[in-house]
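Chemist: Structure file target-v4.csv, CSV, C-alpha atoms and all ligand atoms, is pasted below:
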```
chain,number,residue,atom,x,y,z
A,1372,MET,CA,20.3,-5.1,5.3
A,1373,THR,CA,21.0,-4.7,8.9
A,1374,HIS,CA,18.5,-5.6,11.6
A,1375,ALA,CA,17.9,-3.8,14.9
A,1376,SER,CA,15.5,-4.9,17.6
A,1377,ARG,CA,13.0,-2.5,19.2
A,1378,GLY,CA,14.3,1.0,18.7
A,1379,MET,CA,11.8,3.6,17.8
A,1380,GLY,CA,14.3,6.2,16.9
A,1381,SER,CA,14.4,5.5,13.1
A,1382,ALA,CA,11.4,3.9,11.5
A,1383,GLY,CA,9.0,3.6,14.3
A,1384,GLU,CA,7.0,5.9,16.5
A,1385,GLU,CA,6.2,9.3,15.1
A,1386,GLN,CA,6.9,12.0,17.6
A,1387,HIS,CA,3.6,13.8,17.6
A,1388,THR,CA,1.0,11.1,17.1
A,1389,GLY,CA,2.6,8.1,18.6
A,1390,ARG,CA,1.7,6.3,15.4
A,1391,VAL,CA,4.3,4.2,13.6
A,1392,ARG,CA,5.9,5.5,10.5
A,1393,SER,CA,6.7,2.6,8.1
A,1394,LEU,CA,9.8,4.1,6.7
A,1395,VAL,CA,12.2,6.9,7.6
A,1396,TRP,CA,15.2,8.2,5.7
A,1397,ARG,CA,17.9,9.0,8.1
A,1398,ASP,CA,21.7,9.6,7.9
A,1399,GLY,CA,21.7,8.5,4.2
A,1400,ALA,CA,20.0,5.1,4.9
A,1401,LEU,CA,16.4,3.8,4.7
A,1402,HIS,CA,15.0,2.6,8.0
A,1403,LEU,CA,12.1,0.2,7.7
A,1404,ILE,CA,9.8,-1.4,10.2
A,1405,ASP,CA,10.1,-5.1,9.6
A,1406,GLN,CA,6.5,-6.0,8.9
A,1407,ARG,CA,7.1,-9.7,8.7
A,1408,HIS,CA,7.4,-10.1,12.4
A,1409,LEU,CA,4.9,-7.7,13.8
A,1410,PRO,CA,3.2,-7.7,16.3
A,1411,LEU,CA,5.3,-10.4,18.0
A,1412,ALA,CA,8.5,-8.5,17.5
A,1413,PHE,CA,9.2,-4.9,16.7
A,1414,GLU,CA,12.3,-4.8,14.6
A,1415,THR,CA,13.7,-2.4,12.1
A,1416,VAL,CA,15.8,-3.0,9.0
A,1417,VAL,CA,18.3,-0.6,7.6
A,1418,CYS,CA,18.9,-0.5,3.9
A,1419,ARG,CA,22.1,1.1,2.5
A,1420,THR,CA,22.0,-0.1,-1.1
A,1421,ALA,CA,19.4,-0.3,-3.8
A,1422,ALA,CA,19.6,-4.1,-3.9
A,1423,GLU,CA,18.8,-4.2,-0.1
A,1424,VAL,CA,15.7,-2.1,-0.8
A,1425,ALA,CA,14.6,-4.3,-3.6
A,1426,ASP,CA,15.1,-7.3,-1.3
A,1427,ALA,CA,13.1,-5.6,1.5
A,1428,ILE,CA,10.2,-5.0,-1.0
A,1429,ARG,CA,10.3,-8.6,-2.4
A,1430,SER,CA,10.4,-10.2,1.0
A,1431,MET,CA,7.7,-7.9,2.4
A,1432,VAL,CA,9.7,-6.2,5.1
A,1433,VAL,CA,7.9,-3.2,3.6
A,1434,ARG,CA,4.6,-3.7,1.9
A,1435,GLY,CA,1.5,-1.9,0.9
A,1436,ALA,CA,1.4,-0.1,-2.5
A,1437,PRO,CA,2.2,3.5,-1.4
A,1438,ALA,CA,4.9,2.3,1.1
A,1439,ILE,CA,6.7,0.3,-1.5
A,1440,GLY,CA,6.6,3.2,-3.9
A,1441,ALA,CA,8.2,5.5,-1.3
A,1442,ALA,CA,10.8,2.8,-0.4
A,1443,ALA,CA,11.7,2.3,-4.0
A,1444,ALA,CA,12.2,6.1,-4.4
A,1445,TYR,CA,14.8,6.0,-1.7
A,1446,GLY,CA,16.2,2.8,-3.3
A,1447,MET,CA,16.9,5.0,-6.4
A,1448,VAL,CA,18.8,7.5,-4.2
A,1449,LEU,CA,20.9,4.7,-2.7
A,1450,GLY,CA,21.6,3.3,-6.2
A,1451,ALA,CA,22.6,6.7,-7.5
A,1452,ARG,CA,24.9,7.2,-4.5
A,1453,GLU,CA,26.5,3.8,-5.1
A,1454,LEU,CA,27.1,4.6,-8.7
A,1455,ALA,CA,28.7,8.0,-7.8
A,1456,GLY,CA,30.7,6.4,-5.0
A,1457,ARG,CA,32.5,4.0,-7.4
A,1458,GLY,CA,33.0,6.8,-10.0
A,1459,ALA,CA,30.4,5.3,-12.5
A,1460,ASP,CA,28.1,7.5,-14.5
A,1461,VAL,CA,25.0,8.1,-12.5
A,1462,ARG,CA,22.8,8.9,-15.5
A,1463,GLY,CA,24.0,5.9,-17.4
A,1464,GLY,CA,23.6,3.5,-14.5
A,1465,LEU,CA,20.3,4.6,-13.0
A,1466,GLN,CA,18.0,2.8,-15.5
A,1467,GLU,CA,19.5,-0.5,-14.3
A,1468,VAL,CA,18.8,0.4,-10.7
A,1469,ALA,CA,15.2,1.3,-11.8
A,1470,ASN,CA,14.8,-2.1,-13.4
A,1471,LEU,CA,16.1,-3.9,-10.3
A,1472,LEU,CA,13.6,-2.1,-8.1
A,1473,LYS,CA,10.7,-2.5,-10.5
A,1474,ALA,CA,11.3,-6.2,-10.6
A,1475,ALA,CA,10.8,-6.6,-6.9
A,1476,ARG,CA,7.0,-6.9,-7.1
A,1477,PRO,CA,4.8,-6.7,-10.2
A,1478,THR,CA,1.3,-5.7,-9.2
A,1479,ALA,CA,1.2,-2.4,-7.2
A,1480,VAL,CA,1.6,0.4,-9.8
A,1481,ASN,CA,2.8,2.8,-7.2
A,1482,LEU,CA,6.2,1.1,-7.4
A,1483,PHE,CA,6.5,1.8,-11.1
A,1484,TRP,CA,5.1,5.3,-10.7
A,1485,ALA,CA,7.6,6.3,-8.0
A,1486,VAL,CA,10.6,4.8,-9.8
A,1487,ASP,CA,9.6,6.6,-13.1
A,1488,ARG,CA,9.1,9.8,-11.2
A,1489,MET,CA,12.6,9.5,-9.8
A,1490,LEU,CA,13.9,8.8,-13.4
A,1491,SER,CA,12.2,12.0,-14.5
A,1492,VAL,CA,14.6,14.0,-12.3
A,1493,LEU,CA,17.4,13.1,-14.8
A,1494,GLU,CA,15.5,14.8,-17.6
A,1495,ARG,CA,14.5,17.8,-15.5
A,1496,TRP,CA,18.1,18.5,-14.5
A,1497,PRO,CA,20.3,17.6,-17.5
A,1498,GLN,CA,23.2,19.8,-16.5
A,1499,LEU,CA,23.9,18.7,-13.0
A,1500,SER,CA,27.0,16.9,-11.8
A,1501,ASP,CA,26.6,13.5,-10.4
A,1502,GLU,CA,26.9,14.8,-6.8
A,1503,GLU,CA,24.2,17.4,-7.4
A,1504,LEU,CA,22.0,14.8,-9.0
A,1505,VAL,CA,22.1,12.6,-6.0
A,1506,ASP,CA,21.0,15.6,-3.9
A,1507,LYS,CA,18.1,16.3,-6.3
A,1508,LEU,CA,17.1,12.6,-6.2
A,1509,GLU,CA,17.1,12.6,-2.4
A,1510,ALA,CA,14.9,15.7,-2.4
A,1511,GLU,CA,12.5,14.0,-4.8
A,1512,ALA,CA,12.2,10.8,-2.7
A,1513,SER,CA,11.5,12.9,0.3
A,1514,ALA,CA,8.8,14.8,-1.6
A,1515,ILE,CA,7.2,11.5,-2.6
A,1516,ALA,CA,7.2,10.3,1.0
A,1517,ASP,CA,5.9,13.6,2.4
A,1518,GLU,CA,3.2,13.9,-0.3
A,1519,ASP,CA,2.1,10.4,0.5
A,1520,ALA,CA,1.5,11.3,4.1
A,1521,ARG,CA,-0.5,14.4,3.1
A,1522,THR,CA,-2.4,12.5,0.4
A,1523,CYS,CA,-3.6,9.9,2.9
A,1524,ARG,CA,-5.0,12.6,5.2
A,1525,ALA,CA,-6.9,14.1,2.2
A,1526,ILE,CA,-8.3,10.6,1.3
A,1527,GLY,CA,-9.3,10.3,5.0
A,1528,ALA,CA,-11.1,13.6,4.9
A,1529,HIS,CA,-13.0,12.8,1.7
A,1530,GLY,CA,-14.0,9.3,2.8
A,1531,ALA,CA,-14.9,9.9,6.4
A,1532,GLU,CA,-18.3,11.3,5.5
A,1533,LEU,CA,-19.2,8.2,3.5
A,1534,LEU,CA,-18.9,5.8,6.4
A,1535,GLU,CA,-22.1,5.1,8.2
A,1536,PRO,CA,-21.7,4.7,12.0
A,1537,GLY,CA,-21.5,1.0,12.9
A,1538,GLY,CA,-19.5,-1.9,11.5
A,1539,VAL,CA,-16.9,-1.3,8.8
A,1540,LEU,CA,-15.2,-4.4,7.3
A,1541,THR,CA,-11.7,-4.0,6.0
A,1542,HIS,CA,-9.3,-6.4,4.4
A,1543,CYS,CA,-5.5,-6.6,4.5
A,1544,ASN,CA,-3.6,-3.7,6.0
A,1545,THR,CA,-4.0,-0.3,4.4
A,1546,GLY,CA,-2.8,1.7,7.4
A,1547,ALA,CA,0.2,3.7,8.4
A,1548,LEU,CA,2.3,0.6,7.8
A,1549,ALA,CA,1.1,0.2,4.2
A,1550,THR,CA,1.8,3.9,3.4
A,1551,VAL,CA,4.2,6.5,4.7
A,1552,ASP,CA,1.7,7.5,7.4
A,1553,TYR,CA,-2.0,7.4,8.2
A,1554,GLY,CA,-3.2,5.0,5.6
A,1555,THR,CA,-5.7,4.9,2.8
A,1556,ALA,CA,-8.8,2.7,3.7
A,1557,LEU,CA,-7.6,2.7,7.3
A,1558,GLY,CA,-7.0,6.5,6.9
A,1559,VAL,CA,-10.7,6.9,6.2
A,1560,ILE,CA,-11.5,4.8,9.2
A,1561,ARG,CA,-9.1,6.9,11.3
A,1562,ALA,CA,-10.7,10.1,10.1
A,1563,ALA,CA,-14.2,8.9,10.7
A,1564,HIS,CA,-13.3,7.8,14.2
A,1565,ALA,CA,-11.5,11.1,14.9
A,1566,ALA,CA,-14.7,12.9,13.7
A,1567,GLY,CA,-16.6,11.2,16.4
A,1568,LYS,CA,-18.4,8.5,14.3
A,1569,GLN,CA,-19.1,5.4,16.2
A,1570,ILE,CA,-17.1,3.0,14.0
A,1571,HIS,CA,-16.4,-0.6,14.8
A,1572,VAL,CA,-13.9,-2.3,12.5
A,1573,TYR,CA,-14.2,-5.9,11.4
A,1574,ALA,CA,-10.6,-6.8,10.3
A,1575,THR,CA,-10.2,-9.9,8.2
A,1576,GLU,CA,-7.2,-12.0,9.0
A,1577,THR,CA,-6.1,-11.9,5.4
A,1578,ARG,CA,-4.6,-15.3,4.7
A,1579,PRO,CA,-1.9,-16.2,3.9
A,1580,PHE,CA,0.4,-13.3,5.0
A,1581,LEU,CA,-2.0,-12.3,7.8
A,1582,GLN,CA,-1.7,-8.5,7.3
A,1583,GLY,CA,-5.1,-8.0,8.8
A,1584,ALA,CA,-4.6,-10.2,11.9
A,1585,ARG,CA,-1.1,-9.0,12.5
A,1586,LEU,CA,-0.9,-5.4,11.3
A,1587,THR,CA,-4.4,-3.9,11.1
A,1588,THR,CA,-5.5,-5.0,14.5
A,1589,TRP,CA,-2.1,-3.8,15.9
A,1590,GLU,CA,-2.5,-0.4,14.4
A,1591,LEU,CA,-6.1,0.1,15.5
A,1592,LEU,CA,-5.6,-1.2,19.0
A,1593,GLN,CA,-2.8,1.3,19.5
A,1594,GLU,CA,-5.1,4.1,18.7
A,1595,GLY,CA,-8.1,2.8,20.6
A,1596,ILE,CA,-10.3,2.3,17.5
A,1597,PRO,CA,-12.7,-0.5,18.2
A,1598,VAL,CA,-11.7,-3.6,16.2
A,1599,THR,CA,-12.8,-7.2,16.0
A,1600,LEU,CA,-10.7,-9.8,14.2
A,1601,ILE,CA,-12.4,-12.3,12.0
A,1602,THR,CA,-11.1,-15.1,9.8
A,1603,ASP,CA,-11.6,-14.5,6.1
A,1604,ASN,CA,-14.3,-17.1,5.9
A,1605,MET,CA,-16.4,-15.3,8.5
A,1606,ALA,CA,-17.1,-12.3,6.3
A,1607,ALA,CA,-20.4,-13.7,4.9
A,1608,TYR,CA,-21.6,-14.5,8.5
A,1609,VAL,CA,-20.9,-11.1,9.9
A,1610,MET,CA,-22.6,-9.4,6.9
A,1611,ALA,CA,-25.7,-11.7,7.2
A,1612,GLN,CA,-25.8,-10.9,10.9
A,1613,GLY,CA,-26.2,-7.2,10.0
A,1614,LEU,CA,-23.0,-6.2,11.7
A,1615,VAL,CA,-21.4,-4.5,8.7
A,1616,LYS,CA,-22.6,-1.2,7.4
A,1617,SER,CA,-19.8,-0.6,4.9
A,1618,VAL,CA,-16.8,-2.3,3.4
A,1619,ILE,CA,-13.7,-0.3,2.7
A,1620,VAL,CA,-10.4,-1.6,1.1
A,1621,GLY,CA,-7.3,-0.2,-0.5
A,1622,ALA,CA,-5.9,-0.9,-4.0
A,1623,ASP,CA,-2.7,-1.9,-5.7
A,1624,ARG,CA,-3.9,-0.8,-9.1
A,1625,ILE,CA,-7.1,0.7,-10.5
A,1626,THR,CA,-7.6,0.5,-14.2
A,1627,ALA,CA,-9.3,3.0,-16.5
A,1628,ASN,CA,-12.7,1.3,-16.2
A,1629,GLY,CA,-12.6,1.3,-12.4
A,1630,ASP,CA,-11.6,-2.4,-11.9
A,1631,VAL,CA,-9.8,-2.8,-8.6
A,1632,VAL,CA,-6.8,-5.0,-8.2
A,1633,ASN,CA,-6.2,-5.6,-4.5
A,1634,LYS,CA,-5.2,-8.2,-1.9
A,1635,ILE,CA,-6.5,-11.7,-2.7
A,1636,GLY,CA,-9.9,-12.1,-1.2
A,1637,THR,CA,-11.1,-8.5,-2.0
A,1638,TYR,CA,-13.2,-9.8,-5.0
A,1639,GLY,CA,-15.1,-12.2,-2.7
A,1640,LEU,CA,-15.8,-9.5,-0.2
A,1641,ALA,CA,-17.1,-7.2,-2.9
A,1642,VAL,CA,-19.5,-9.9,-4.2
A,1643,LEU,CA,-20.7,-10.5,-0.7
A,1644,ALA,CA,-21.2,-6.8,0.0
A,1645,LYS,CA,-23.4,-6.5,-3.1
A,1646,GLU,CA,-25.5,-9.5,-2.1
A,1647,HIS,CA,-26.1,-8.0,1.3
A,1648,GLY,CA,-26.7,-4.4,0.0
A,1649,ILE,CA,-23.6,-3.0,1.7
A,1650,PRO,CA,-21.7,-0.2,0.0
A,1651,PHE,CA,-18.2,-1.3,-1.1
A,1652,TYR,CA,-15.6,1.6,-1.1
A,1653,VAL,CA,-12.1,1.6,-2.4
A,1654,ALA,CA,-9.6,4.2,-1.0
A,1655,ALA,CA,-6.5,4.9,-3.0
A,1656,PRO,CA,-4.2,7.8,-4.1
A,1657,VAL,CA,-4.2,8.9,-7.7
A,1658,SER,CA,-0.7,7.3,-8.0
A,1659,THR,CA,-2.6,3.9,-7.8
A,1660,LEU,CA,-4.5,4.6,-11.0
A,1661,ASP,CA,-3.2,2.9,-14.2
A,1662,LEU,CA,-5.2,4.5,-16.9
A,1663,ASN,CA,-3.0,2.9,-19.6
A,1664,LEU,CA,-4.8,-0.4,-18.9
A,1665,LYS,CA,-8.4,-0.8,-19.9
A,1666,HIS,CA,-9.4,-3.4,-17.4
A,1667,GLY,CA,-8.2,-5.2,-14.3
A,1668,TRP,CA,-7.4,-8.6,-16.0
A,1669,GLN,CA,-4.5,-6.9,-17.8
A,1670,VAL,CA,-2.7,-6.3,-14.5
A,1671,PRO,CA,0.1,-8.8,-13.7
A,1672,ILE,CA,-0.9,-10.7,-10.6
A,1673,GLU,CA,2.0,-11.6,-8.4
A,1674,GLU,CA,2.3,-15.3,-7.6
A,1675,ARG,CA,4.2,-15.8,-4.3
A,1676,ASP,CA,6.0,-18.7,-2.7
A,1677,PRO,CA,3.7,-21.7,-2.0
A,1678,LYS,CA,5.3,-21.8,1.4
A,1679,GLU,CA,3.2,-18.8,2.5
A,1680,VAL,CA,0.2,-21.2,2.1
A,1681,THR,CA,1.6,-24.5,3.3
A,1682,HIS,CA,3.2,-22.9,6.4
A,1683,VAL,CA,1.9,-20.6,9.1
A,1684,LEU,CA,4.6,-18.6,10.9
A,1685,GLY,CA,7.2,-20.9,9.5
A,1686,ARG,CA,5.4,-24.1,10.6
A,1687,ARG,CA,4.1,-26.6,8.0
A,1688,ILE,CA,0.3,-27.0,8.2
A,1689,ALA,CA,-0.3,-28.8,4.9
A,1690,PRO,CA,1.0,-32.2,3.7
A,1691,GLU,CA,4.3,-32.3,1.9
A,1692,GLY,CA,3.9,-32.2,-1.9
A,1693,VAL,CA,0.3,-30.8,-2.1
A,1694,PRO,CA,-0.1,-28.5,-5.1
A,1695,VAL,CA,-0.7,-24.9,-4.1
A,1696,ILE,CA,-1.5,-21.6,-5.8
A,1697,ASN,CA,-0.7,-18.4,-4.1
A,1698,PRO,CA,-1.9,-15.4,-6.1
A,1699,ALA,CA,-1.3,-12.3,-3.9
A,1700,PHE,CA,-4.0,-10.2,-5.5
A,1701,ASP,CA,-7.4,-10.5,-7.3
A,1702,VAL,CA,-9.5,-8.3,-9.6
A,1703,THR,CA,-12.7,-6.8,-8.4
A,1704,PRO,CA,-14.8,-5.8,-11.4
A,1705,ASN,CA,-16.0,-2.2,-11.4
A,1706,ARG,CA,-19.7,-3.2,-11.1
A,1707,TYR,CA,-19.1,-4.2,-7.4
A,1708,VAL,CA,-17.5,-0.9,-6.5
A,1709,THR,CA,-19.8,1.8,-5.0
A,1710,ALA,CA,-17.2,4.6,-5.0
A,1711,ILE,CA,-13.4,5.2,-5.3
A,1712,ILE,CA,-12.1,7.7,-2.7
A,1713,THR,CA,-9.0,9.6,-3.7
A,1714,GLU,CA,-7.1,12.6,-2.4
A,1715,HIS,CA,-8.9,14.7,-5.0
A,1716,GLY,CA,-12.4,13.6,-4.2
A,1717,VAL,CA,-14.8,10.7,-4.6
A,1718,VAL,CA,-15.6,9.1,-8.0
A,1719,ARG,CA,-18.7,7.1,-8.6
A,1720,PRO,CA,-19.8,4.9,-11.5
A,1721,PRO,CA,-19.4,5.2,-14.4
A,1722,PHE,CA,-15.8,5.4,-13.4
A,1723,GLU,CA,-14.1,5.8,-16.8
A,1724,GLU,CA,-14.8,9.5,-17.1
A,1725,GLY,CA,-14.3,10.4,-13.4
A,1726,LEU,CA,-11.0,8.6,-13.2
A,1727,ALA,CA,-9.7,10.2,-16.4
A,1728,ARG,CA,-10.6,13.6,-15.0
A,1729,LEU,CA,-8.7,12.9,-11.8
A,1730,ALA,CA,-5.6,12.1,-13.7
A,1731,GLN,CA,-5.6,15.5,-15.4
A,1732,PRO,CA,-5.0,18.3,-12.8
A,1733,GLU,CA,-6.6,21.0,-15.0
A,1734,LYS,CA,-9.8,19.0,-15.3
A,1735,ARG,CA,-10.2,17.9,-11.7
A,1736,GLY,CA,-12.5,20.6,-10.4
A,1737,ALA,CA,-14.6,19.5,-7.5
A,1738,THR,CA,-15.3,15.8,-7.4
A,1739,SER,CA,-18.0,15.5,-4.8
A,1740,ALA,CA,-19.0,12.7,-2.5
A,1801,LIG,O1,0.9,-7.8,-0.4
A,1801,LIG,P1,0.7,-6.5,0.3
A,1801,LIG,O2,0.6,-6.6,1.8
A,1801,LIG,O3,1.7,-5.5,-0.2
A,1801,LIG,O4,-0.7,-6.0,-0.2
A,1801,LIG,C1,-1.3,-4.8,0.2
A,1801,LIG,C2,-2.6,-4.5,-0.3
A,1801,LIG,O5,-3.2,-5.3,-1.0
A,1801,LIG,C3,-3.2,-3.2,0.1
A,1801,LIG,O6,-4.6,-3.3,0.2
A,1801,LIG,C4,-2.9,-2.2,-0.9
A,1801,LIG,O7,-1.5,-2.2,-1.2
A,1801,LIG,C5,-3.2,-0.8,-0.5
A,1801,LIG,S1,-2.2,-0.3,0.8
A,1801,LIG,C6,-2.7,1.3,1.3
```
Take the structure in the file and write it out as structure tokens.
Modeler:
Amino acid sequence: MTHASRGMGSAGEEQHTGRVRSLVWRDGALHLIDQRHLPLAFETVVCRTAAEVADAIRSMVVRGAPAIGAAAAYGMVLGARELAGRGADVRGGLQEVANLLKAARPTAVNLFWAVDRMLSVLERWPQLSDEELVDKLEAEASAIADEDARTCRAIGAHGAELLEPGGVLTHCNTGALATVDYGTALGVIRAAHAAGKQIHVYATETRPFLQGARLTTWELLQEGIPVTLITDNMAAYVMAQGLVKSVIVGADRITANGDVVNKIGTYGLAVLAKEHGIPFYVAAPVSTLDLNLKHGWQVPIEERDPKEVTHVLGRRIAPEGVPVINPAFDVTPNRYVTAIITEHGVVRPPFEEGLARLAQPEKRGATSA
């Protein structure tokens, strides 16, 4: 991985919108905004091998379920190119590359979905030479990235009408940084704002990695969308004050029954929303559905380095030796979820049937708000 300081040419500012693009494929390398240091420093990281992409995902240079899926897809291209470059069999070696990338983070299903979609290229094109295969893989990765950007806009369009004017509380970062562009829950907020709704975002700080404080507020301030930062433990207070009309979050995995696995703290927000009679929306692409799992407790929850809890910005805040847990995600039971907003429409309880329909293109039809 090579690092570069502020240089918007690669990952960075999108030409037309001025919005950041979390990842860009350029000159045969994956350029990522280094999300660990924002907003204090704008740096990009360039990955030229699959191992570097896996590292970037593990260390959260790139994060957010759709963004890590797209990054892993390009990781597969880099892995295939490495194999071809040393005269090894690309078809034979790519499964190992897939395993390396899948092992980077366990919870977001988009990572597995994207890598498997890349592997399916091998079956679709059994006759191609290794060189032709690398080209096909590159085209597939770019399709995944481009589709994600379009998908987020569709999620935004479906969700915008659900948000009432007023306060919208969101958790973690689900914006352009967490996707290829635009965002899921933040995409809905963007679309509602663009449609002229008077939206005011309450962004939770999102301990311990501070995606809300560092990334969500940064994205929203850049676009002039009103935002107030709160610490995680202020959520009940702002709801009790009547400041929040809706809660909207993203997801790392949604199981067949509509349970939502998302950033640690989501479950608590959902319970609070119910207590205060506030609708709780989840915005996610269909690639976040895992209909093979019946319920959320079957999803592996990533346990991260205790240092993320004992330290803030590299500085120790807790006594040496204190036991710590650091689950990165939690499970919100479906009974707390008002609706799931996808690129193909909005699904309401009971979720099982609606989600199953979404996963089958021929049965989708119109899923209304
Ligand atoms: O640990 P992170 O920052 O990758 O977690 C991100 C989230 O939990 C997001 O809510 C989720 O991935 C959806 S992003 C559009």
Chemist: Between atom CA of A:Tyr1638 and atom CA of A:Pro1536, what is the distance, to one decimal in Å?
Modeler: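 Computed distance, atom CA of A:Tyr1638 to atom CA of A:Pro1536, equals 23.9 Å.
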Chemist: Given all atoms listed in the file as the basis, pick out the residue of A:Ile1672, A:Leu1591, A:Val1468, A:Ile1635 nearest to ligand LIG 1801 (chain A).
Modeler: A:Ile1635
Chemist: Which residues sit within 7 Å of ligand LIG 1801 (chain A), counting all atoms listed in the file, listed as a ChimeraX atom specification?
Modeler: /A:1431,1434-1437,1479,1543-1546,1549-1550,1554-1556,1582,1620-1623,1633-1634,1655,1699-1700
Chemist: Which of these, A:Met1489, A:Ala1641, A:Val1416, A:Leu1504, has the shortest distance to A:Asp1460 once you count all atoms listed in the file?
Modeler: A:Leu1504
Chemist: Using only C-alpha atoms, determine which residues lie at most 8 Å from stretch 1419-1424 of chain A, disregarding the query and same-chain residues fewer than 3 positions distant; provide the list as a tab-separated table (two decimals) with C-alpha atoms, keeping the file's coordinate frame.
Modeler:
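Once written, out_26.tsv looks like this:
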```
chain	number	residue	atom	x	y	z
A	1372	MET	CA	20.30	-5.10	5.30
A	1399	GLY	CA	21.70	8.50	4.20
A	1400	ALA	CA	20.00	5.10	4.90
A	1401	LEU	CA	16.40	3.80	4.70
A	1427	ALA	CA	13.10	-5.60	1.50
A	1428	ILE	CA	10.20	-5.00	-1.00
A	1442	ALA	CA	10.80	2.80	-0.40
A	1443	ALA	CA	11.70	2.30	-4.00
A	1446	GLY	CA	16.20	2.80	-3.30
A	1447	MET	CA	16.90	5.00	-6.40
A	1448	VAL	CA	18.80	7.50	-4.20
A	1449	LEU	CA	20.90	4.70	-2.70
A	1450	GLY	CA	21.60	3.30	-6.20
A	1453	GLU	CA	26.50	3.80	-5.10
A	1468	VAL	CA	18.80	0.40	-10.70
A	1471	LEU	CA	16.10	-3.90	-10.30
A	1472	LEU	CA	13.60	-2.10	-8.10
```
Chemist: Rank nothing, just name the residue among A:Pro1579, A:Gly1527, A:Pro1671, A:Gly1537 nearest to A:Val1559, using all atoms listed in the file.
Modeler: A:Gly1527
Chemist: As a list in words, please: the residues near stretch 1563-1578 of chain A (cut-off 7 Å, all atoms listed in the file, same-chain neighbours under 3 positions excluded).
Modeler: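 Close residues of stretch 1563-1578 of chain A: Ala1531, Pro1536, Gly1537, Gly1538, Val1539, Leu1540, Thr1541, His1542, Cys1543, Val1559, Ile1560, Leu1581, Gln1582, Gly1583, Ala1584, Thr1587, Thr1588, Pro1597, Val1598, Thr1599, Leu1600, Ile1601, Thr1602 and Asp1603 of chain A.
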Chemist: Mind listing whatever residues come within 12 Å of the point (-24.7, -9.7, 9.8)? Use all atoms listed in the file, file coordinates, and give them as a ChimeraX atom specification.
Modeler: /A:1537-1540,1573,1605-1617,1643-1644,1646-1649
Chemist: Out of A:Pro1497, A:Gly1463, A:Pro1656, A:Gly1692, which residue has the shortest atom-to-atom distance to A:His1529 when counting only C-alpha atoms?
Modeler: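 Closest residue, counting only C-alpha atoms: A:Pro1656.
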Chemist: So which one's closest to A:Phe1483, A:Ser1393, A:Leu1586, A:Asn1470, A:Glu1594? Using all atoms listed in the file, please.
Modeler: A:Asn1470
Chemist: Name the residues in contact with A:Asp1661 at a cut-off of 12 Å, using all atoms listed in the file, excluding same-chain residues fewer than 5 positions from it; report them as a count of residues only.
Modeler: 29
Chemist: Pick out the closest residue to A:Asp1519 from this set: A:Trp1668, A:Gln1466, A:Pro1690, A:Thr1713. Count all atoms listed in the file.
Modeler: A:Thr1713
Chemist: Can you tell me how far atom CA of A:Leu1684 sits from atom CA of A:Arg1392, in Å to one decimal?
Modeler: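 About the pair atom CA of A:Leu1684 and atom CA of A:Arg1392: they are 24.1 Å apart.
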Chemist: In Å, with one decimal, what is the gap from atom CA of A:Pro1677 to atom CA of A:Pro1698?
Modeler: 9.4 Å
Chemist: If you count only C-alpha atoms, which residues fall within 9 Å of A:Arg1735, apart from same-chain ones fewer than 4 positions away, as JSON, numbers by chain?
Modeler: {"A": [1715, 1716, 1725, 1728, 1729, 1730, 1731]}
Chemist: Please provide the set of residues having any atom within 6 Å of A:Thr1709, restricted to only C-alpha atoms, with same-chain residues fewer than 2 positions apart removed, written as a CSV table (one decimal) with C-alpha atoms, keeping the file's coordinate frame.
Modeler:
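Listing of selection-v2.csv after writing:
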```csv
chain,number,residue,atom,x,y,z
A,1650,PRO,CA,-21.7,-0.2,0.0
A,1651,PHE,CA,-18.2,-1.3,-1.1
A,1652,TYR,CA,-15.6,1.6,-1.1
```
Chemist: Show me the residues close to (0.8, -28.0, 1.8) - anything with an atom within 9 Å, counting only C-alpha atoms - and format the list as an mmCIF file with C-alpha atoms, keeping the file's coordinate frame.
Modeler:
```cif
data_model
loop_
_atom_site.group_PDB
_atom_site.id
_atom_site.type_symbol
_atom_site.label_atom_id
_atom_site.label_comp_id
_atom_site.auth_asym_id
_atom_site.auth_seq_id
_atom_site.Cartn_x
_atom_site.Cartn_y
_atom_site.Cartn_z
ATOM 1 C CA PRO A 1677 3.700 -21.700 -2.000
ATOM 2 C CA LYS A 1678 5.300 -21.800 1.400
ATOM 3 C CA VAL A 1680 0.200 -21.200 2.100
ATOM 4 C CA THR A 1681 1.600 -24.500 3.300
ATOM 5 C CA HIS A 1682 3.200 -22.900 6.400
ATOM 6 C CA ARG A 1687 4.100 -26.600 8.000
ATOM 7 C CA ILE A 1688 0.300 -27.000 8.200
ATOM 8 C CA ALA A 1689 -0.300 -28.800 4.900
ATOM 9 C CA PRO A 1690 1.000 -32.200 3.700
ATOM 10 C CA GLU A 1691 4.300 -32.300 1.900
ATOM 11 C CA GLY A 1692 3.900 -32.200 -1.900
ATOM 12 C CA VAL A 1693 0.300 -30.800 -2.100
ATOM 13 C CA PRO A 1694 -0.100 -28.500 -5.100
ATOM 14 C CA VAL A 1695 -0.700 -24.900 -4.100
#
```
